[in-house]
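Undergrad: Next up is a structure, given as structure tokens.
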Amino acid sequence: MKELSAIAVDVTPPDRFREYLGTQAKRLTRERSIIVDEVFASHEHFDAEQLVARLSQRTDGNRVSRSTVYRTLAELEKAGLLRKVARSNDREIYEHDYGYPQHDHLICKKCGELTEFQNPELNEILQQVAAQYGFRMEGHRLEVSGICAACSRPPSRGHRKLDMI
Ligand SMILES: [Zn+2]
Ligand SMILES: [Zn+2]
């Protein structure tokens, strides 16, 4: 995975989540708190089962049930902290949508590799398109599907460029 670095935020993810839960008359329970901490401990893309696996490796006795993980992921998405970026092998891939810069993805259809990129010119083009429709753009998400460099390499090792012609 090739990921960008985080950007600074004033309100921490748990606090932001607590604010959202408050609007839903819900509380930041111990389970929700454990999950949000684990989710924001690293910036990797992940799917729900990977998160369940990470949480089940905890040795401090703070285990969280699978159903709670799924429910909390949906809440984190509604709270604007996470977003689904893609489906890979029928799994939904999540990433941070809070404290993270606007970016787009190249998604390999073969291995599922997600590569993040930023391109200011792309942003300008989209601004122009939006302006043509009298549309005020606030953001965008672009998913480029295809085959990554590693997967498009021929299986044989070494540089046999002639074989590729
Ligand atoms: Zn690939
Ligand atoms: Zn991303």
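How things are named: the first chain in the structure tokens is A, the next is B, and so on; residues count from 1 in each chain; ligands count from 1 in the order shown.
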Which residues are near ligand 1 - at most 7 Å, using only C-alpha atoms and all ligand atoms? Format: as a list in words.
TA: Cys108, Lys109, Lys110, Cys111, Gly112, Glu113, Ile147, Cys148, Ala149, Ala150 and Cys151 of chain A
Undergrad: List all protein, DNA and RNA residues that have an atom no more than 8 Å from any atom of ligand 2, counting only C-alpha atoms and all ligand atoms, and report them as JSON, numbers by chain.
TA: {"A": [3, 4, 45, 85, 95, 96, 103, 104, 105, 114, 115, 116]}
Undergrad: Run DSSP on the backbone and tell me which residues of range 30-152 of chain A come out as alpha helix (DSSP H); list them as a PyMOL selection string.
TA: chain A and resi 30-39+48-56+66-78+120-132+149-152
Undergrad: List the spatial neighbours of Arg63 in chain A as a list in words - criterion: any atom at most 10 Å away, only C-alpha atoms, same-chain residues fewer than 4 positions off excluded.
TA: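 Answer for this query is Glu31, Ile34, Ile35, Val52, Leu55, Ser56, Gln57, Arg58 and Thr59 of chain A.
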Undergrad: Keeping N, CA and C atoms, export the residues of the selection given above as a short mmCIF file (atom, residue, chain, number, x, y, z; two decimals), in the first residue's frame.
TA:
data_model
loop_
_atom_site.label_atom_id
_atom_site.label_comp_id
_atom_site.auth_asym_id
_atom_site.auth_seq_id
_atom_site.Cartn_x
_atom_site.Cartn_y
_atom_site.Cartn_z
N GLU A 31 -16.36 -0.26 24.24
CA GLU A 31 -16.13 -1.00 22.98
C GLU A 31 -15.89 -0.03 21.82
N ILE A 34 -12.47 1.52 22.11
CA ILE A 34 -11.40 0.59 21.73
C ILE A 34 -11.29 0.53 20.21
N ILE A 35 -12.45 0.46 19.55
CA ILE A 35 -12.45 0.34 18.08
C ILE A 35 -11.91 1.61 17.43
N VAL A 52 -11.25 -6.90 12.84
CA VAL A 52 -11.68 -7.92 13.81
C VAL A 52 -10.45 -8.73 14.25
N LEU A 55 -8.16 -6.68 16.51
CA LEU A 55 -8.74 -6.51 17.85
C LEU A 55 -8.68 -7.82 18.65
N SER A 56 -8.76 -8.96 17.94
CA SER A 56 -8.76 -10.23 18.65
C SER A 56 -7.36 -10.60 19.13
N GLN A 57 -6.35 -9.88 18.62
CA GLN A 57 -4.98 -10.15 19.06
C GLN A 57 -4.64 -9.42 20.36
N ARG A 58 -5.55 -8.60 20.82
CA ARG A 58 -5.28 -7.84 22.04
C ARG A 58 -5.15 -8.80 23.21
N THR A 59 -4.18 -8.51 24.07
CA THR A 59 -3.95 -9.39 25.21
C THR A 59 -4.43 -8.74 26.50
#
Undergrad: What are the DSSP strand (DSSP E or B) residues of range 32-138 of chain A, as number ranges by chain?
TA: A: 46-47, 82-88, 91-96, 104-108, 114-117
Undergrad: Could you save those same residues with C-alpha atoms as a PDB file, in the first residue's frame?
TA:
ATOM      1  CA  PHE A  46      -8.357  -2.068   5.991  1.00  0.00           C
ATOM      2  CA  ASP A  47     -11.464  -4.192   5.802  1.00  0.00           C
ATOM      3  CA  LEU A  82     -14.126   6.749   7.765  1.00  0.00           C
ATOM      4  CA  ARG A  83     -15.107   6.174   4.196  1.00  0.00           C
ATOM      5  CA  LYS A  84     -15.374   3.102   2.043  1.00  0.00           C
ATOM      6  CA  VAL A  85     -12.922   3.337  -0.808  1.00  0.00           C
ATOM      7  CA  ALA A  86     -13.438   0.178  -2.773  1.00  0.00           C
ATOM      8  CA  ARG A  87     -14.555  -3.391  -2.793  1.00  0.00           C
ATOM      9  CA  SER A  88     -11.861  -5.987  -3.114  1.00  0.00           C
ATOM     10  CA  ARG A  91     -14.801  -6.941   1.044  1.00  0.00           C
ATOM     11  CA  GLU A  92     -15.365  -3.282   1.709  1.00  0.00           C
ATOM     12  CA  ILE A  93     -12.110  -1.416   2.150  1.00  0.00           C
ATOM     13  CA  TYR A  94     -12.146   1.514   4.571  1.00  0.00           C
ATOM     14  CA  GLU A  95      -9.822   4.414   5.095  1.00  0.00           C
ATOM     15  CA  HIS A  96      -9.674   7.504   7.262  1.00  0.00           C
ATOM     16  CA  ASP A 104      -7.507   9.567  -5.280  1.00  0.00           C
ATOM     17  CA  HIS A 105      -6.794   5.894  -5.804  1.00  0.00           C
ATOM     18  CA  LEU A 106      -5.357   3.561  -8.369  1.00  0.00           C
ATOM     19  CA  ILE A 107      -6.892   0.146  -7.691  1.00  0.00           C
ATOM     20  CA  CYS A 108      -5.382  -3.030  -9.104  1.00  0.00           C
ATOM     21  CA  LEU A 114      -4.552   0.548  -3.559  1.00  0.00           C
ATOM     22  CA  THR A 115      -2.188   3.343  -4.483  1.00  0.00           C
ATOM     23  CA  GLU A 116      -2.967   6.851  -3.283  1.00  0.00           C
ATOM     24  CA  PHE A 117      -2.086   9.894  -5.298  1.00  0.00           C
TER      25      PHE A 117
END
Undergrad: Using only C-alpha atoms, find the one residue out of A:Ser67, A:Ser5, A:Leu142, A:Leu73 that sits nearest to Val39 in chain A.
TA: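 Among the listed residues, the smallest separation from Val39 in chain A belongs to A:Leu73.
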Undergrad: What's around Asp37 in chain A at 8 Å? Count only C-alpha atoms, leave out sequence neighbours fewer than 4 positions away in its own chain, and write the answer as a compact mmCIF listing (two decimals) with C-alpha atoms, in the first residue's frame.
TA:
# COMPACT_ATOMS: atom_id res chain seq x y z
CA PRO A 14 -12.48 9.81 19.58
CA SER A 33 -13.61 3.67 22.20
CA ALA A 41 -3.69 3.80 15.40
Undergrad: Please report the interatomic distance between CA of Leu21 in chain A and CA of Gly139 in chain A in Å with one decimal.
TA: 24.5 Å
Undergrad: Report, in Å with one decimal, the straight-line distance from CA of Leu81 in chain A to CA of Phe135 in chain A.
TA: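 Spanning CA of Leu81 in chain A to CA of Phe135 in chain A is a straight-line distance of 25.0 Å.
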Undergrad: Which value, in Å to one decimal, gives the distance between CA of Lys26 in chain A and CA of Val64 in chain A?
TA: 17.7 Å
Undergrad: Could you name the residues that touch Val9 in chain A at 10 Å or less, counting only C-alpha atoms, but leaving out those on the same chain fewer than 3 positions away, as an NGL selection string?
TA: :A and (6 or 12-13 or 98-100)
Undergrad: Those selected residues, please, written with N, CA and C atoms and delivered as an mmCIF file, in the first residue's frame.
TA:
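In the end it all went to result04.cif:
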data_model
loop_
_atom_site.group_PDB
_atom_site.id
_atom_site.type_symbol
_atom_site.label_atom_id
_atom_site.label_comp_id
_atom_site.auth_asym_id
_atom_site.auth_seq_id
_atom_site.Cartn_x
_atom_site.Cartn_y
_atom_site.Cartn_z
ATOM 1 N N ALA A 6 -0.787 11.891 7.301
ATOM 2 C CA ALA A 6 -1.965 12.508 7.912
ATOM 3 C C ALA A 6 -1.802 14.023 8.011
ATOM 4 N N THR A 12 -9.635 15.359 18.255
ATOM 5 C CA THR A 12 -9.155 13.990 18.045
ATOM 6 C C THR A 12 -10.288 13.113 17.513
ATOM 7 N N PRO A 13 -9.949 12.034 16.801
ATOM 8 C CA PRO A 13 -11.008 11.142 16.299
ATOM 9 C C PRO A 13 -11.985 10.661 17.382
ATOM 10 N N TYR A 98 -10.963 11.497 7.944
ATOM 11 C CA TYR A 98 -10.809 12.615 8.849
ATOM 12 C C TYR A 98 -9.320 12.729 9.168
ATOM 13 N N GLY A 99 -8.788 13.948 9.094
ATOM 14 C CA GLY A 99 -7.370 14.127 9.351
ATOM 15 C C GLY A 99 -6.512 13.536 8.253
ATOM 16 N N TYR A 100 -7.072 13.499 7.053
ATOM 17 C CA TYR A 100 -6.358 12.894 5.940
ATOM 18 C C TYR A 100 -6.583 13.748 4.704
#
